Amino acid sequence: MERKVRVRFAPSPTGALHIGGVRTCLYNYLFAKQHGGDMIFRIEDTDSNRFVPGAEEYIIEALEWLGIKFDEGVSYGGNYGPYRQSERRDIYRKYVDQLLESGHAYIAFDTPEELEAKRNEIANFQYDASTRMQMSNSLSLSKEEVDARIARGDQYVVRAKIEPNEEIVVHDIIRGDVHVNSSILDDKVLYKSADNLPTYHLANIVDDHLMEVSHVIRGEEWLPSAPLHVLLYRFFGWEDTMPQFAHLALLLKPDGNGKLSKRDGDRLGFPVFPLEWHDPKSGDVSSGYRESGYLPEAVINFLALLGWNPGNDQEIMSMDELIALFKLERCSKAGAKFDFEKGRWFNHQYLQMTDNRTLAELFMKDINAAGVETTIEMAEQVVGYMKSRVNFVKELWPLCSFFWIAPTSYDEKAVAKRWKAETPAMMAELREQLAAWNDYDNAEATEEYVKGWCEAKGYGLGNVMNPFRLMLVGELKGPHIFEITAVLGKDETLRRIDTALNTIKN
Ligand code: GLU
């Protein structure tokens, strides 16, 4: 029988969610939704030393912004809870005891000092079948001694008892079968009496089992843990319901040399976090895609293609299309270079597809922040004329402020070149023509009207349009001149001409 698809995103709340983690979450989501499955949000917080306040809230907010929805988990509820591992202590204890009873795990008392001494004594020391009998544990000590130590309150850990020279196979959807000899593994700590909590490995396996997870899709950095995880499934007798693994290749630095890091973002000026992150310990602020002006749909599309492609050269895909097309089998084994210029390109594309009203609402914030009052209609009109020239909404204001703020000075070089002896008289005449015209909203009609007049007068278009633009904008920039007059309207157009004629002196 086919199992119901259930996947989980299981971050540890140790800081801001890195963009690579977002991609992992996205791939889980696409896979779950394609199969009509469930997407679980689990918080893996058994390592209290690495806990960072605010990280959990940050992760939830970031994924909400991106439109990745969970079916169950922390802050969503569900039938398999609690979903925060620190709230599942009692559950784990039972499974630790089960491994101890079946002989697949043992108790070890070695103090950090004792372990350090061993490391100094034996080169490349590993706690495993070759060394464990030299250590203080329930295999090397008598039962009486072990009981006595526990009774007097000695701290201990529980370690997996890994038999050497066994073949372990990790079936990985992306990588195929990965064969590992158990002799390279160490007797990993599964549980610590000091905080009465399991380590990542045990909690992760027990939860995946109890939450009926069918597929574990996670970053490549967890591949080295997978053989132990396979063994744990064997120890518990859960092989039949073991999830299928898919380990995603790393996101690489833009030049392909090594893993993408936060420092690459700082160095090259692009965000590596979905939202701005204020590190509560260092006080450092790291930029986020949201605050940098990216549209969430663009970020999703961009991330989806970092390590996966649909098998053709289609690039623009909505979340629904991604859900329909995504295939784990098509995920690359090799790392994906982080091409942030491509991210900007995606944002440009999505900006063009977003309706002008929505963009105008975002643009209004920048207009108002500059202390300028306006109407949403005017903002929308400007967005319509100008969005093809920008990658981000925030680039609009510097390009478009002249629509709201009339020039008071004029680019000197342009004046020297374009404002000729005959220009003032010609512009005064143009003003007269424009004063007799009323259909400003219709940019094409205005253009025809003005060009018709130029032709009738025998005036060269360049001799008219350049000074005209200078009067309206203050420099020789901006969109089509009659789009400008359409936005400004008659009164403002005439006012700017008057100001210019009074200000620009030859
Ligand atoms: N807690 C691990 C993390 O932070 C989860 C790894 C896994 O998905 O098994 O990524």
# chains A, B, ... in the order shown; residues from 1 in each chain; ligands from 1
call {"tool": "closest_atom_pairs", "arguments": {"of": "chain A", "to": "ligand 1", "cutoff": "10 Å", "atoms": "only C-alpha atoms and all ligand atoms", "output": "CSV"}}
result
residue,atom,partner,partner_atom_place_in_ligand_line,distance
A:Val7,CA,ligand 1,8 (O),9.7
A:Arg8,CA,ligand 1,8 (O),7.5
A:Phe9,CA,ligand 1,8 (O),6.3
A:Ala10,CA,ligand 1,5 (C),4.8
A:Pro11,CA,ligand 1,4 (O),3.8
A:Ser12,CA,ligand 1,4 (O),4.1
A:Pro13,CA,ligand 1,4 (O),7.5
A:Thr14,CA,ligand 1,4 (O),8.1
A:Leu17,CA,ligand 1,4 (O),9.3
A:Gly21,CA,ligand 1,10 (O),7.4
A:Thr24,CA,ligand 1,8 (O),8.8
A:Cys25,CA,ligand 1,8 (O),9.5
A:Arg42,CA,ligand 1,1 (N),8.5
A:Ile43,CA,ligand 1,1 (N),7.2
A:Glu44,CA,ligand 1,1 (N),5.0
A:Asp45,CA,ligand 1,1 (N),7.7
A:Thr46,CA,ligand 1,1 (N),9.2
A:Asp47,CA,ligand 1,1 (N),9.8
A:Tyr200,CA,ligand 1,1 (N),6.9
A:His201,CA,ligand 1,9 (O),8.2
A:Ala203,CA,ligand 1,1 (N),9.6
A:Asn204,CA,ligand 1,9 (O),6.2
A:Ile205,CA,ligand 1,9 (O),8.3
A:Asp208,CA,ligand 1,9 (O),8.8
A:Val216,CA,ligand 1,8 (O),6.6
A:Ile217,CA,ligand 1,8 (O),6.8
A:Arg218,CA,ligand 1,8 (O),4.9
A:Gly219,CA,ligand 1,8 (O),7.2
A:Glu220,CA,ligand 1,6 (C),9.7
A:Glu221,CA,ligand 1,10 (O),8.6
A:Trp222,CA,ligand 1,6 (C),6.3
A:Leu223,CA,ligand 1,9 (O),9.2
A:Ser225,CA,ligand 1,9 (O),8.6
A:Ala226,CA,ligand 1,9 (O),8.7
A:His229,CA,ligand 1,9 (O),9.5
A:Phe245,CA,ligand 1,9 (O),9.7
A:His247,CA,ligand 1,8 (O),9.3
call {"tool": "residues_around", "arguments": {"residues": "segment 249-263 of chain A", "least_positions_apart": "3", "cutoff": "7 Å", "atoms": "only C-alpha atoms", "output": "list in words"}}
result
Gly20, Gly219, Glu220, Asp266, Arg267, Val272, Ser332, Lys333, Ala334, Gly335, Ala336, Lys337, Phe338 and Asp339 of chain A
call {"tool": "residues_around", "arguments": {"residues": "Lys413 of chain A", "least_positions_apart": "5", "cutoff": "10 Å", "atoms": "only C-alpha atoms", "output": "list in words"}}
result
Arg418, Trp419, Glu475 and Leu476 of chain A
call {"tool": "write_last_selection", "arguments": {"atoms": "all heavy atoms", "output": "mmCIF file, in the first residue's frame"}}
result
data_model
loop_
_atom_site.group_PDB
_atom_site.id
_atom_site.type_symbol
_atom_site.label_atom_id
_atom_site.label_comp_id
_atom_site.auth_asym_id
_atom_site.auth_seq_id
_atom_site.Cartn_x
_atom_site.Cartn_y
_atom_site.Cartn_z
ATOM 1 N N ARG A 418 21.624 72.276 -24.986
ATOM 2 C CA ARG A 418 20.296 72.255 -25.605
ATOM 3 C C ARG A 418 19.531 73.576 -25.548
ATOM 4 O O ARG A 418 18.503 73.729 -26.190
ATOM 5 C CB ARG A 418 19.430 71.175 -24.928
ATOM 6 C CG ARG A 418 19.990 69.778 -25.063
ATOM 7 C CD ARG A 418 19.931 69.322 -26.497
ATOM 8 N NE ARG A 418 20.351 67.948 -26.663
ATOM 9 C CZ ARG A 418 20.417 67.321 -27.824
ATOM 10 N NH1 ARG A 418 20.085 67.962 -28.929
ATOM 11 N NH2 ARG A 418 20.802 66.076 -27.898
ATOM 12 N N TRP A 419 19.948 74.458 -24.669
ATOM 13 C CA TRP A 419 19.201 75.714 -24.509
ATOM 14 C C TRP A 419 19.873 76.773 -25.373
ATOM 15 O O TRP A 419 20.818 77.421 -24.968
ATOM 16 C CB TRP A 419 19.183 76.111 -23.026
ATOM 17 C CG TRP A 419 18.068 77.068 -22.680
ATOM 18 C CD1 TRP A 419 18.163 78.427 -22.640
ATOM 19 C CD2 TRP A 419 16.720 76.741 -22.348
ATOM 20 N NE1 TRP A 419 16.959 78.981 -22.301
ATOM 21 C CE2 TRP A 419 16.039 77.965 -22.117
ATOM 22 C CE3 TRP A 419 15.991 75.557 -22.251
ATOM 23 C CZ2 TRP A 419 14.693 78.016 -21.765
ATOM 24 C CZ3 TRP A 419 14.667 75.628 -21.893
ATOM 25 C CH2 TRP A 419 14.024 76.827 -21.656
ATOM 26 N N GLU A 475 16.455 67.705 -16.013
ATOM 27 C CA GLU A 475 17.576 67.062 -16.713
ATOM 28 C C GLU A 475 17.004 66.268 -17.879
ATOM 29 O O GLU A 475 15.785 66.172 -18.020
ATOM 30 C CB GLU A 475 18.372 66.177 -15.753
ATOM 31 C CG GLU A 475 17.497 65.217 -14.977
ATOM 32 C CD GLU A 475 18.219 64.522 -13.829
ATOM 33 O OE1 GLU A 475 19.457 64.407 -13.876
ATOM 34 O OE2 GLU A 475 17.525 64.072 -12.910
ATOM 35 N N LEU A 476 17.895 65.675 -18.685
ATOM 36 C CA LEU A 476 17.404 65.010 -19.892
ATOM 37 C C LEU A 476 17.106 63.531 -19.620
ATOM 38 O O LEU A 476 17.603 62.660 -20.318
ATOM 39 C CB LEU A 476 18.417 65.185 -21.029
ATOM 40 C CG LEU A 476 18.592 66.651 -21.467
ATOM 41 C CD1 LEU A 476 19.681 66.784 -22.521
ATOM 42 C CD2 LEU A 476 17.276 67.236 -21.989
#
call {"tool": "select_by_dssp", "arguments": {"residues": "segment 179-387 of chain A", "states": "alpha helix (DSSP H)", "output": "CSV table (one decimal) with N, CA, C and O atoms, in the first residue's frame"}}
result
chain,number,residue,atom,x,y,z
A,200,TYR,N,20.0,15.3,19.0
A,200,TYR,CA,19.3,15.4,17.7
A,200,TYR,C,19.0,14.0,17.1
A,200,TYR,O,17.9,13.8,16.7
A,201,HIS,N,20.0,13.1,17.1
A,201,HIS,CA,19.8,11.8,16.3
A,201,HIS,C,18.6,11.1,16.8
A,201,HIS,O,17.7,10.6,16.1
A,202,LEU,N,18.5,10.9,18.1
A,202,LEU,CA,17.4,10.0,18.7
A,202,LEU,C,16.1,10.7,18.5
A,202,LEU,O,15.1,10.1,18.1
A,203,ALA,N,16.1,12.0,18.9
A,203,ALA,CA,14.8,12.7,18.8
A,203,ALA,C,14.3,12.8,17.4
A,203,ALA,O,13.1,12.6,17.1
A,204,ASN,N,15.2,13.0,16.5
A,204,ASN,CA,14.8,13.1,15.0
A,204,ASN,C,14.2,11.8,14.5
A,204,ASN,O,13.1,11.8,13.9
A,205,ILE,N,14.8,10.7,14.9
A,205,ILE,CA,14.3,9.4,14.4
A,205,ILE,C,13.0,9.0,15.1
A,205,ILE,O,12.0,8.6,14.4
A,206,VAL,N,12.9,9.2,16.4
A,206,VAL,CA,11.7,8.9,17.1
A,206,VAL,C,10.5,9.7,16.6
A,206,VAL,O,9.4,9.2,16.4
A,207,ASP,N,10.8,11.0,16.4
A,207,ASP,CA,9.7,11.9,15.9
A,207,ASP,C,9.3,11.6,14.5
A,207,ASP,O,8.1,11.5,14.2
A,208,ASP,N,10.3,11.3,13.6
A,208,ASP,CA,9.9,11.0,12.3
A,208,ASP,C,9.0,9.7,12.3
A,208,ASP,O,8.1,9.6,11.5
A,209,HIS,N,9.4,8.8,13.1
A,209,HIS,CA,8.6,7.6,13.2
A,209,HIS,C,7.2,7.8,13.8
A,209,HIS,O,6.2,7.5,13.2
A,210,LEU,N,7.1,8.5,14.9
A,210,LEU,CA,5.8,8.7,15.6
A,210,LEU,C,4.9,9.7,14.7
A,210,LEU,O,3.7,9.5,14.7
A,226,ALA,N,23.0,10.1,8.3
A,226,ALA,CA,22.0,9.1,7.8
A,226,ALA,C,22.3,7.7,8.1
A,226,ALA,O,21.4,6.9,8.4
A,227,PRO,N,23.6,7.2,8.0
A,227,PRO,CA,23.8,5.8,8.3
A,227,PRO,C,23.4,5.4,9.7
A,227,PRO,O,22.8,4.4,10.0
A,228,LEU,N,23.7,6.3,10.7
A,228,LEU,CA,23.3,6.1,12.0
A,228,LEU,C,21.8,6.0,12.1
A,228,LEU,O,21.2,5.2,12.8
A,229,HIS,N,21.1,6.9,11.4
A,229,HIS,CA,19.7,7.0,11.4
A,229,HIS,C,19.1,5.6,10.9
A,229,HIS,O,18.1,5.1,11.4
A,230,VAL,N,19.7,5.1,9.8
A,230,VAL,CA,19.2,3.8,9.3
A,230,VAL,C,19.4,2.8,10.3
A,230,VAL,O,18.5,1.9,10.5
A,231,LEU,N,20.5,2.8,11.0
A,231,LEU,CA,20.8,1.8,12.1
A,231,LEU,C,19.7,1.9,13.2
A,231,LEU,O,19.2,0.9,13.7
A,232,LEU,N,19.4,3.1,13.6
A,232,LEU,CA,18.4,3.3,14.6
A,232,LEU,C,17.1,2.7,14.2
A,232,LEU,O,16.4,2.1,15.0
A,233,TYR,N,16.7,2.9,13.0
A,233,TYR,CA,15.4,2.3,12.5
A,233,TYR,C,15.5,0.8,12.7
A,233,TYR,O,14.6,0.2,13.1
A,234,ARG,N,16.7,0.3,12.3
A,234,ARG,CA,16.9,-1.2,12.5
A,234,ARG,C,16.8,-1.6,14.0
A,234,ARG,O,16.1,-2.5,14.3
A,235,PHE,N,17.5,-0.9,14.8
A,235,PHE,CA,17.5,-1.2,16.3
A,235,PHE,C,16.0,-1.2,16.8
A,235,PHE,O,15.7,-2.0,17.7
A,236,PHE,N,15.2,-0.3,16.4
A,236,PHE,CA,13.9,-0.2,16.9
A,236,PHE,C,12.9,-1.1,16.2
A,236,PHE,O,11.8,-1.3,16.6
A,262,LYS,N,27.0,33.5,5.3
A,262,LYS,CA,26.5,34.9,5.6
A,262,LYS,C,27.5,35.9,5.2
A,262,LYS,O,27.1,37.0,4.7
A,263,ARG,N,28.8,35.6,5.3
A,263,ARG,CA,29.8,36.6,5.0
A,263,ARG,C,29.9,36.9,3.5
A,263,ARG,O,30.2,38.0,3.1
A,264,ASP,N,29.5,35.9,2.6
A,264,ASP,CA,29.5,36.1,1.2
A,264,ASP,C,28.4,37.2,0.9
A,264,ASP,O,28.6,38.1,0.1
A,265,GLY,N,27.3,37.1,1.6
A,265,GLY,CA,26.2,38.1,1.4
A,265,GLY,C,26.7,39.5,1.8
A,265,GLY,O,26.5,40.4,1.1
A,266,ASP,N,27.4,39.6,3.0
A,266,ASP,CA,27.9,40.9,3.4
A,266,ASP,C,28.9,41.4,2.4
A,266,ASP,O,28.9,42.6,2.0
A,267,ARG,N,29.8,40.5,1.9
A,267,ARG,CA,30.9,40.9,1.0
A,267,ARG,C,30.3,41.4,-0.3
A,267,ARG,O,30.8,42.4,-0.9
A,268,LEU,N,29.4,40.7,-0.8
A,268,LEU,CA,28.9,40.9,-2.2
A,268,LEU,C,27.6,41.7,-2.3
A,268,LEU,O,27.1,42.0,-3.4
A,296,PRO,N,7.9,38.1,-2.7
A,296,PRO,CA,8.0,36.7,-2.2
A,296,PRO,C,7.9,35.7,-3.4
A,296,PRO,O,8.7,34.8,-3.4
A,297,GLU,N,7.1,36.0,-4.3
A,297,GLU,CA,6.9,35.1,-5.5
A,297,GLU,C,8.2,35.0,-6.3
A,297,GLU,O,8.6,33.9,-6.8
A,298,ALA,N,8.9,36.1,-6.3
A,298,ALA,CA,10.2,36.1,-7.1
A,298,ALA,C,11.3,35.2,-6.3
A,298,ALA,O,12.0,34.5,-6.9
A,299,VAL,N,11.3,35.4,-5.0
A,299,VAL,CA,12.2,34.6,-4.2
A,299,VAL,C,12.0,33.1,-4.3
A,299,VAL,O,12.9,32.3,-4.5
A,300,ILE,N,10.7,32.8,-4.3
A,300,ILE,CA,10.3,31.4,-4.4
A,300,ILE,C,10.8,30.8,-5.7
A,300,ILE,O,11.4,29.8,-5.8
A,301,ASN,N,10.5,31.5,-6.8
A,301,ASN,CA,10.8,31.1,-8.1
A,301,ASN,C,12.3,30.9,-8.3
A,301,ASN,O,12.9,29.9,-8.8
A,302,PHE,N,13.0,31.9,-7.8
A,302,PHE,CA,14.5,31.9,-7.8
A,302,PHE,C,15.1,30.7,-7.0
A,302,PHE,O,15.9,30.0,-7.5
A,303,LEU,N,14.6,30.5,-5.8
A,303,LEU,CA,15.1,29.4,-5.0
A,303,LEU,C,14.8,28.1,-5.6
A,303,LEU,O,15.6,27.1,-5.5
A,304,ALA,N,13.6,27.9,-6.1
A,304,ALA,CA,13.2,26.6,-6.7
A,304,ALA,C,14.2,26.2,-7.7
A,304,ALA,O,14.5,25.0,-7.9
A,319,MET,N,3.9,29.3,-7.8
A,319,MET,CA,4.0,28.3,-6.8
A,319,MET,C,3.1,27.1,-7.3
A,319,MET,O,3.6,25.9,-7.2
A,320,ASP,N,2.0,27.3,-7.9
A,320,ASP,CA,1.2,26.2,-8.4
A,320,ASP,C,1.9,25.4,-9.5
A,320,ASP,O,1.8,24.2,-9.6
A,321,GLU,N,2.5,26.1,-10.4
A,321,GLU,CA,3.2,25.4,-11.5
A,321,GLU,C,4.4,24.6,-10.9
A,321,GLU,O,4.7,23.5,-11.3
A,322,LEU,N,5.1,25.2,-9.9
A,322,LEU,CA,6.2,24.5,-9.3
A,322,LEU,C,5.7,23.2,-8.6
A,322,LEU,O,6.3,22.2,-8.7
A,323,ILE,N,4.6,23.4,-7.9
A,323,ILE,CA,4.0,22.2,-7.3
A,323,ILE,C,3.7,21.1,-8.3
A,323,ILE,O,4.0,19.9,-8.1
A,324,ALA,N,3.2,21.5,-9.5
A,324,ALA,CA,2.9,20.5,-10.5
A,324,ALA,C,4.1,19.9,-11.1
A,324,ALA,O,4.2,18.7,-11.5
A,325,LEU,N,5.2,20.7,-11.2
A,325,LEU,CA,6.4,20.2,-12.0
A,325,LEU,C,7.5,19.6,-11.2
A,325,LEU,O,8.3,18.9,-11.7
A,340,PHE,N,23.2,35.7,-7.5
A,340,PHE,CA,22.2,36.7,-7.0
A,340,PHE,C,21.8,37.7,-8.1
A,340,PHE,O,20.7,38.3,-7.9
A,341,GLU,N,22.6,37.8,-9.1
A,341,GLU,CA,22.1,38.7,-10.2
A,341,GLU,C,20.8,38.1,-10.9
A,341,GLU,O,19.9,38.8,-11.3
A,342,LYS,N,20.8,36.7,-10.9
A,342,LYS,CA,19.6,36.1,-11.4
A,342,LYS,C,18.4,36.4,-10.5
A,342,LYS,O,17.3,36.5,-10.9
A,343,GLY,N,18.7,36.5,-9.2
A,343,GLY,CA,17.6,36.8,-8.2
A,343,GLY,C,17.0,38.2,-8.5
A,343,GLY,O,15.8,38.4,-8.5
A,344,ARG,N,17.9,39.1,-8.9
A,344,ARG,CA,17.4,40.5,-9.3
A,344,ARG,C,16.6,40.4,-10.6
A,344,ARG,O,15.6,41.1,-10.7
A,345,TRP,N,17.0,39.6,-11.5
A,345,TRP,CA,16.3,39.4,-12.7
A,345,TRP,C,14.9,38.9,-12.5
A,345,TRP,O,13.9,39.3,-13.0
A,346,PHE,N,14.8,37.9,-11.6
A,346,PHE,CA,13.5,37.3,-11.2
A,346,PHE,C,12.6,38.4,-10.6
A,346,PHE,O,11.4,38.5,-10.9
A,347,ASN,N,13.2,39.2,-9.8
A,347,ASN,CA,12.4,40.3,-9.2
A,347,ASN,C,11.9,41.2,-10.3
A,347,ASN,O,10.7,41.6,-10.2
A,348,HIS,N,12.7,41.5,-11.2
A,348,HIS,CA,12.3,42.4,-12.3
A,348,HIS,C,11.1,41.8,-13.1
A,348,HIS,O,10.1,42.4,-13.3
A,349,GLN,N,11.2,40.5,-13.4
A,349,GLN,CA,10.2,39.8,-14.1
A,349,GLN,C,8.8,39.8,-13.3
A,349,GLN,O,7.8,40.1,-13.8
A,350,TYR,N,9.0,39.6,-12.0
A,350,TYR,CA,7.7,39.5,-11.2
A,350,TYR,C,7.1,40.9,-11.0
A,350,TYR,O,5.9,41.1,-10.9
A,351,LEU,N,8.0,41.9,-11.0
A,351,LEU,CA,7.5,43.3,-10.9
A,351,LEU,C,6.6,43.6,-12.1
A,351,LEU,O,5.6,44.2,-12.0
A,352,GLN,N,7.1,43.1,-13.3
A,352,GLN,CA,6.3,43.4,-14.5
A,352,GLN,C,5.0,42.7,-14.5
A,352,GLN,O,4.0,43.2,-15.1
A,353,MET,N,4.9,41.6,-13.8
A,353,MET,CA,3.7,40.8,-13.8
A,353,MET,C,2.7,41.2,-12.7
A,353,MET,O,1.6,40.8,-12.7
A,356,ASN,N,-0.3,47.2,-11.3
A,356,ASN,CA,0.2,48.5,-10.9
A,356,ASN,C,-0.4,49.0,-9.6
A,356,ASN,O,0.3,49.7,-8.9
A,357,ARG,N,-1.6,48.6,-9.3
A,357,ARG,CA,-2.2,49.1,-8.0
A,357,ARG,C,-1.4,48.5,-6.8
A,357,ARG,O,-1.1,49.2,-5.9
A,358,THR,N,-1.1,47.2,-6.9
A,358,THR,CA,-0.4,46.6,-5.8
A,358,THR,C,1.0,47.2,-5.6
A,358,THR,O,1.4,47.5,-4.5
A,359,LEU,N,1.7,47.4,-6.8
A,359,LEU,CA,3.0,48.1,-6.7
A,359,LEU,C,2.9,49.5,-6.2
A,359,LEU,O,3.7,50.0,-5.4
A,360,ALA,N,1.8,50.2,-6.6
A,360,ALA,CA,1.6,51.6,-6.2
A,360,ALA,C,1.4,51.7,-4.7
A,360,ALA,O,1.9,52.6,-4.0
A,361,GLU,N,0.8,50.6,-4.1
A,361,GLU,CA,0.6,50.6,-2.7
A,361,GLU,C,2.0,50.6,-1.9
A,361,GLU,O,2.2,51.2,-0.9
A,362,LEU,N,2.9,49.8,-2.5
A,362,LEU,CA,4.2,49.7,-1.9
A,362,LEU,C,5.0,51.0,-2.2
A,362,LEU,O,5.6,51.5,-1.3
A,363,PHE,N,4.8,51.5,-3.4
A,363,PHE,CA,5.5,52.7,-3.8
A,363,PHE,C,5.1,53.9,-2.9
A,363,PHE,O,5.9,54.8,-2.6
A,364,MET,N,3.8,53.9,-2.5
A,364,MET,CA,3.3,55.0,-1.7
A,364,MET,C,4.1,55.2,-0.4
A,364,MET,O,4.3,56.4,0.0
A,365,LYS,N,4.6,54.1,0.1
A,365,LYS,CA,5.4,54.2,1.4
A,365,LYS,C,6.6,55.1,1.1
A,365,LYS,O,7.0,55.9,2.0
A,366,ASP,N,7.3,54.8,0.0
A,366,ASP,CA,8.5,55.6,-0.3
A,366,ASP,C,8.2,57.0,-0.6
A,366,ASP,O,8.9,57.9,-0.2
A,367,ILE,N,7.1,57.3,-1.3
A,367,ILE,CA,6.7,58.6,-1.6
A,367,ILE,C,6.4,59.4,-0.3
A,367,ILE,O,6.9,60.5,-0.1
A,368,ASN,N,5.6,58.7,0.6
A,368,ASN,CA,5.3,59.4,1.8
A,368,ASN,C,6.5,59.6,2.7
A,368,ASN,O,6.6,60.6,3.4
A,369,ALA,N,7.4,58.6,2.7
A,369,ALA,CA,8.6,58.7,3.5
A,369,ALA,C,9.5,59.9,3.1
A,369,ALA,O,10.2,60.5,3.8
A,376,ILE,N,-3.2,57.6,-4.7
A,376,ILE,CA,-2.9,56.2,-5.2
A,376,ILE,C,-3.0,56.2,-6.7
A,376,ILE,O,-2.2,55.5,-7.4
A,377,GLU,N,-3.9,57.0,-7.3
A,377,GLU,CA,-4.1,57.0,-8.7
A,377,GLU,C,-2.8,57.5,-9.4
A,377,GLU,O,-2.4,57.0,-10.4
A,378,MET,N,-2.3,58.6,-8.9
A,378,MET,CA,-1.1,59.1,-9.5
A,378,MET,C,0.1,58.2,-9.4
A,378,MET,O,0.9,57.9,-10.3
A,379,ALA,N,0.2,57.6,-8.2
A,379,ALA,CA,1.3,56.6,-8.0
A,379,ALA,C,1.2,55.4,-9.0
A,379,ALA,O,2.2,55.0,-9.5
A,380,GLU,N,-0.1,55.0,-9.2
A,380,GLU,CA,-0.3,53.9,-10.0
A,380,GLU,C,0.0,54.2,-11.5
A,380,GLU,O,0.6,53.4,-12.2
A,381,GLN,N,-0.3,55.5,-11.9
A,381,GLN,CA,0.0,55.9,-13.2
A,381,GLN,C,1.5,55.9,-13.5
A,381,GLN,O,2.0,55.4,-14.5
A,382,VAL,N,2.3,56.4,-12.5
A,382,VAL,CA,3.7,56.5,-12.6
A,382,VAL,C,4.3,55.1,-12.7
A,382,VAL,O,5.2,54.8,-13.5
A,383,VAL,N,3.8,54.2,-11.8
A,383,VAL,CA,4.3,52.8,-11.8
A,383,VAL,C,4.1,52.2,-13.2
A,383,VAL,O,5.0,51.6,-13.7
A,384,GLY,N,3.0,52.5,-13.8
A,384,GLY,CA,2.7,51.9,-15.1
A,384,GLY,C,3.7,52.3,-16.1
A,384,GLY,O,4.1,51.5,-16.9
A,385,TYR,N,4.1,53.6,-16.1
A,385,TYR,CA,5.1,54.1,-17.0
A,385,TYR,C,6.5,53.7,-16.7
A,385,TYR,O,7.4,53.6,-17.6
A,386,MET,N,6.8,53.4,-15.4
A,386,MET,CA,8.2,53.3,-15.0
A,386,MET,C,8.7,51.9,-14.6
A,386,MET,O,9.9,51.7,-14.4
call {"tool": "residues_around", "arguments": {"residues": "Ser183 of chain A", "least_positions_apart": "4", "cutoff": "8 Å", "atoms": "only C-alpha atoms", "output": "list in words"}}
result
Ile162, Glu163, Pro164, Asn165 and Glu166 of chain A
call {"tool": "write_last_selection", "arguments": {"atoms": "N, CA and C atoms", "output": "PDB file, in the first residue's frame"}}
result
ATOM      1  N   ILE A 162      27.432   0.583  18.153  1.00  0.00           N
ATOM      2  CA  ILE A 162      27.556   0.297  16.721  1.00  0.00           C
ATOM      3  C   ILE A 162      28.474  -0.904  16.536  1.00  0.00           C
ATOM      4  N   GLU A 163      27.957  -1.959  15.924  1.00  0.00           N
ATOM      5  CA  GLU A 163      28.796  -3.133  15.642  1.00  0.00           C
ATOM      6  C   GLU A 163      29.663  -2.809  14.433  1.00  0.00           C
ATOM      7  N   PRO A 164      30.950  -3.173  14.499  1.00  0.00           N
ATOM      8  CA  PRO A 164      31.829  -2.854  13.369  1.00  0.00           C
ATOM      9  C   PRO A 164      31.568  -3.748  12.160  1.00  0.00           C
ATOM     10  N   ASN A 165      32.081  -3.257  11.027  1.00  0.00           N
ATOM     11  CA  ASN A 165      32.080  -4.078   9.802  1.00  0.00           C
ATOM     12  C   ASN A 165      30.729  -4.547   9.302  1.00  0.00           C
ATOM     13  N   GLU A 166      29.755  -3.709   9.487  1.00  0.00           N
ATOM     14  CA  GLU A 166      28.454  -4.045   8.906  1.00  0.00           C
ATOM     15  C   GLU A 166      28.197  -3.103   7.743  1.00  0.00           C
TER      16      GLU A 166
END
call {"tool": "residues_around", "arguments": {"residues": "Pro82 of chain A", "least_positions_apart": "6", "cutoff": "12 Å", "atoms": "only C-alpha atoms", "output": "list in words"}}
result
Ile40, Phe41, Arg42, Ile43, Glu44, Glu72, Gly73, Val74, Ser75, Tyr76, Arg88, Arg89, Asp90, Ile91, Asp207, Leu210 and Met211 of chain A
call {"tool": "residues_around", "arguments": {"residues": "segment 490-499 of chain A", "least_positions_apart": "2", "cutoff": "7 Å", "atoms": "only C-alpha atoms", "output": "list in words"}}
result
Ala406, Arg431, Asn438, Tyr440, Met471, Leu472, Thr485, Leu488, Leu501, Asn502 and Thr503 of chain A
